[in-house]
Structure formats: C-alpha cells, structure tokens
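Shown next: model23.txt, containing compact mmCIF, N, CA and C atoms.
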# COMPACT_ATOMS: atom_id res chain seq x y z
N MET A 1 0.82 -1.20 0.00
CA MET A 1 0.00 0.00 0.00
C MET A 1 0.87 1.26 0.00
N ASN A 2 1.97 1.25 0.74
CA ASN A 2 2.85 2.41 0.79
C ASN A 2 3.48 2.69 -0.57
N ASP A 3 3.78 1.61 -1.32
CA ASP A 3 4.37 1.80 -2.64
C ASP A 3 3.39 2.49 -3.58
N ASP A 4 2.10 2.16 -3.45
CA ASP A 4 1.09 2.80 -4.29
C ASP A 4 1.01 4.29 -4.02
N ARG A 5 1.10 4.68 -2.77
CA ARG A 5 1.02 6.08 -2.41
C ARG A 5 2.26 6.84 -2.92
N GLY A 6 3.42 6.22 -2.83
CA GLY A 6 4.63 6.84 -3.33
C GLY A 6 4.60 6.99 -4.84
N TYR A 7 4.07 5.99 -5.53
CA TYR A 7 3.95 6.03 -6.98
C TYR A 7 2.98 7.13 -7.39
N LEU A 8 1.87 7.25 -6.67
CA LEU A 8 0.88 8.28 -6.98
C LEU A 8 1.48 9.68 -6.77
N GLY A 9 2.20 9.86 -5.67
CA GLY A 9 2.83 11.16 -5.40
C GLY A 9 3.86 11.52 -6.45
N THR A 10 4.65 10.54 -6.87
CA THR A 10 5.66 10.78 -7.89
C THR A 10 4.99 11.12 -9.22
N SER A 11 3.95 10.38 -9.56
CA SER A 11 3.23 10.64 -10.81
C SER A 11 2.60 12.03 -10.81
N LEU A 12 2.03 12.42 -9.69
CA LEU A 12 1.42 13.74 -9.58
C LEU A 12 2.47 14.83 -9.71
N LEU A 13 3.61 14.64 -9.08
CA LEU A 13 4.68 15.63 -9.18
C LEU A 13 5.18 15.77 -10.61
N ILE A 14 5.34 14.65 -11.30
CA ILE A 14 5.79 14.70 -12.70
C ILE A 14 4.74 15.39 -13.56
N PHE A 15 3.46 15.11 -13.32
CA PHE A 15 2.40 15.76 -14.08
C PHE A 15 2.41 17.27 -13.85
N LEU A 16 2.52 17.69 -12.60
CA LEU A 16 2.53 19.13 -12.30
C LEU A 16 3.75 19.82 -12.89
N ALA A 17 4.89 19.15 -12.87
CA ALA A 17 6.09 19.74 -13.47
C ALA A 17 5.91 19.88 -14.98
N GLY A 18 5.32 18.88 -15.62
CA GLY A 18 5.06 18.97 -17.05
C GLY A 18 4.07 20.08 -17.39
N ALA A 19 3.05 20.22 -16.55
CA ALA A 19 2.07 21.28 -16.78
C ALA A 19 2.72 22.66 -16.63
N ALA A 20 3.61 22.81 -15.65
CA ALA A 20 4.29 24.09 -15.46
C ALA A 20 5.21 24.40 -16.63
N VAL A 21 5.93 23.39 -17.12
CA VAL A 21 6.81 23.61 -18.28
C VAL A 21 5.97 23.96 -19.50
N GLY A 22 4.87 23.26 -19.70
CA GLY A 22 3.99 23.55 -20.83
C GLY A 22 3.43 24.96 -20.77
N ALA A 23 3.03 25.39 -19.59
CA ALA A 23 2.49 26.74 -19.44
C ALA A 23 3.57 27.79 -19.71
N ALA A 24 4.79 27.52 -19.25
CA ALA A 24 5.88 28.47 -19.48
C ALA A 24 6.22 28.55 -20.97
N VAL A 25 6.25 27.41 -21.65
CA VAL A 25 6.53 27.41 -23.09
C VAL A 25 5.43 28.15 -23.84
N ALA A 26 4.19 27.92 -23.48
CA ALA A 26 3.08 28.63 -24.13
C ALA A 26 3.19 30.14 -23.90
N ALA A 27 3.55 30.53 -22.69
CA ALA A 27 3.67 31.96 -22.39
C ALA A 27 4.83 32.60 -23.16
N LEU A 28 5.92 31.85 -23.29
CA LEU A 28 7.10 32.42 -23.97
C LEU A 28 6.96 32.42 -25.48
N THR A 29 6.14 31.57 -26.06
CA THR A 29 6.01 31.52 -27.51
C THR A 29 4.85 32.36 -28.02
N THR A 30 4.05 32.91 -27.14
CA THR A 30 2.95 33.77 -27.55
C THR A 30 3.51 35.16 -27.86
N PRO A 31 3.21 35.70 -29.04
CA PRO A 31 3.75 37.02 -29.37
C PRO A 31 3.09 38.13 -28.53
N LYS A 32 3.87 38.70 -27.65
CA LYS A 32 3.40 39.79 -26.79
C LYS A 32 4.53 40.79 -26.61
N ALA A 33 4.18 41.98 -26.18
CA ALA A 33 5.18 42.99 -25.86
C ALA A 33 5.87 42.61 -24.55
N GLY A 34 7.06 43.11 -24.34
CA GLY A 34 7.86 42.78 -23.16
C GLY A 34 7.14 42.97 -21.83
N PRO A 35 6.57 44.14 -21.57
CA PRO A 35 5.89 44.34 -20.29
C PRO A 35 4.69 43.40 -20.10
N ASP A 36 3.97 43.14 -21.18
CA ASP A 36 2.83 42.21 -21.08
C ASP A 36 3.29 40.80 -20.74
N LEU A 37 4.36 40.36 -21.39
CA LEU A 37 4.89 39.03 -21.15
C LEU A 37 5.41 38.90 -19.72
N ARG A 38 6.14 39.92 -19.26
CA ARG A 38 6.64 39.87 -17.89
C ARG A 38 5.50 39.84 -16.88
N GLY A 39 4.46 40.58 -17.13
CA GLY A 39 3.29 40.56 -16.25
C GLY A 39 2.62 39.20 -16.23
N ASP A 40 2.50 38.59 -17.41
CA ASP A 40 1.90 37.26 -17.48
C ASP A 40 2.74 36.23 -16.73
N LEU A 41 4.05 36.29 -16.90
CA LEU A 41 4.93 35.34 -16.22
C LEU A 41 4.90 35.54 -14.71
N LYS A 42 4.83 36.79 -14.28
CA LYS A 42 4.75 37.07 -12.85
C LYS A 42 3.43 36.53 -12.28
N GLY A 43 2.34 36.72 -13.01
CA GLY A 43 1.05 36.19 -12.58
C GLY A 43 1.05 34.67 -12.53
N LEU A 44 1.66 34.04 -13.54
CA LEU A 44 1.77 32.59 -13.56
C LEU A 44 2.59 32.09 -12.37
N GLY A 45 3.70 32.74 -12.10
CA GLY A 45 4.52 32.36 -10.95
C GLY A 45 3.78 32.50 -9.63
N ASN A 46 3.02 33.58 -9.50
CA ASN A 46 2.24 33.78 -8.27
C ASN A 46 1.15 32.73 -8.10
N ARG A 47 0.49 32.35 -9.21
CA ARG A 47 -0.55 31.32 -9.13
C ARG A 47 0.06 29.97 -8.73
N ILE A 48 1.21 29.65 -9.30
CA ILE A 48 1.87 28.38 -8.95
C ILE A 48 2.30 28.39 -7.49
N LYS A 49 2.86 29.51 -7.05
CA LYS A 49 3.30 29.63 -5.66
C LYS A 49 2.11 29.50 -4.70
N ASP A 50 1.01 30.14 -5.02
CA ASP A 50 -0.18 30.05 -4.17
C ASP A 50 -0.75 28.64 -4.15
N ARG A 51 -0.72 27.98 -5.29
CA ARG A 51 -1.27 26.61 -5.35
C ARG A 51 -0.43 25.66 -4.52
N PHE A 52 0.90 25.79 -4.58
CA PHE A 52 1.75 24.91 -3.79
C PHE A 52 1.73 25.28 -2.31
N ALA A 53 1.46 26.52 -1.98
CA ALA A 53 1.38 26.93 -0.58
C ALA A 53 0.16 26.30 0.10
N SER A 54 -0.88 26.00 -0.69
CA SER A 54 -2.08 25.43 -0.10
C SER A 54 -2.00 23.92 0.06
N VAL A 55 -0.95 23.30 -0.47
CA VAL A 55 -0.78 21.85 -0.35
C VAL A 55 -0.09 21.56 0.98
N PRO A 56 -0.73 20.75 1.84
CA PRO A 56 -0.11 20.46 3.14
C PRO A 56 1.12 19.57 2.96
N PRO A 57 2.16 19.81 3.74
CA PRO A 57 3.35 18.96 3.64
C PRO A 57 3.04 17.55 4.13
N GLN A 58 3.65 16.57 3.48
CA GLN A 58 3.45 15.19 3.88
C GLN A 58 4.68 14.69 4.61
N GLU A 59 4.43 13.86 5.62
CA GLU A 59 5.54 13.27 6.35
C GLU A 59 6.07 12.11 5.54
N ASP A 60 7.37 11.98 5.53
CA ASP A 60 8.00 10.87 4.83
C ASP A 60 8.04 9.69 5.79
N GLU A 61 7.27 8.66 5.48
CA GLU A 61 7.17 7.51 6.37
C GLU A 61 8.46 6.72 6.44
N ARG A 62 9.34 6.89 5.47
CA ARG A 62 10.59 6.13 5.46
C ARG A 62 11.62 6.74 6.41
N MET A 63 11.37 7.92 6.94
CA MET A 63 12.36 8.60 7.77
C MET A 63 12.16 8.33 9.25
N GLY A 64 11.73 7.14 9.60
CA GLY A 64 11.66 6.75 11.00
C GLY A 64 10.35 7.06 11.69
N ALA A 65 9.28 7.14 10.95
CA ALA A 65 7.97 7.43 11.56
C ALA A 65 7.37 6.19 12.15
Let me see the file written as structure tokens.
Amino acid sequence: MNDDRGYLGTSLLIFLAGAAVGAAVAALTTPKAGPDLRGDLKGLGNRIKDRFASVPPQEDERMGA
C-alpha cells in the first residue's frame, strides 16, 4: 500500500512539473510585448506559488515514523 502512495505522489509531481513547463513554453512563444509578457509570467509564478502553498506537507514515512 505504501508503494502505491509513493507512486501516486511521484506521478502527480511529474504531471505538475510537465504542466508548469507547458504553461511556461506557451507563455514564452505567444507574441506579446515585453511588459505584457513579464506581467503574465509574474502572474503565472504567483498562481503556482499560491497553489503549492495550499498543499499540506506530507511526512516521509521512510524517515523513522
């Protein structure tokens, strides 16, 4: 059961990293003026930071719990 949870967490992390890379590529390849692009990237960074701040930290069961 613990292996399933670790696999799910790893898969979710890989998915989120891919989504972030895809969003960054889309933002960088969209033709926009410099200030508009910087504003979009700053907004994207803030949304990602807020989303990860709301995720509760998980205890690593392998570290002696």
Quiz item: Once you count only C-alpha atoms, which residues end up no further than 12 Å from (5.3, 25.0, -14.0) in the file's frame, shown as a list in words?
Solution: Leu13, Ile14, Phe15, Leu16, Ala17, Gly18, Ala19, Ala20, Val21, Gly22, Ala23, Ala24, Val25, Ala26, Ala27, Leu41, Leu44, Gly45, Asn46, Arg47, Ile48, Lys49, Arg51 and Phe52 of chain A
Quiz item: What does the distance from atom C of Leu8 of chain A to atom N of Ala53 of chain A come to in Å, to one decimal?
Solution: 17.5 Å
Self-check item: Atom pair atom N of Leu28 of chain A / atom C of Leu12 of chain A: separation (Å)
Solution: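 Between atom N of Leu28 of chain A and atom C of Leu12 of chain A the gap works out to 22.0 Å.
Atom N of Pro56 of chain A is found 15.7 Å from atom C of Ser11 of chain A.
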Practice problem: Output as a PyMOL selection string all residues of segment 7-61 of chain A that backbone DSSP marks as helix (DSSP H, G or I). | Solution: chain A and resi 7-29+34-53+61
Hey, could you pull the box centre and edge lengths for segment 44-53 of chain A, axis-aligned, 5 Å padding per side, all listed atoms, to one decimal in Å, as JSON?
{"center_x": 1.6, "center_y": 29.5, "center_z": -6.7, "size_x": 15.8, "size_y": 19.1, "size_z": 23.7}
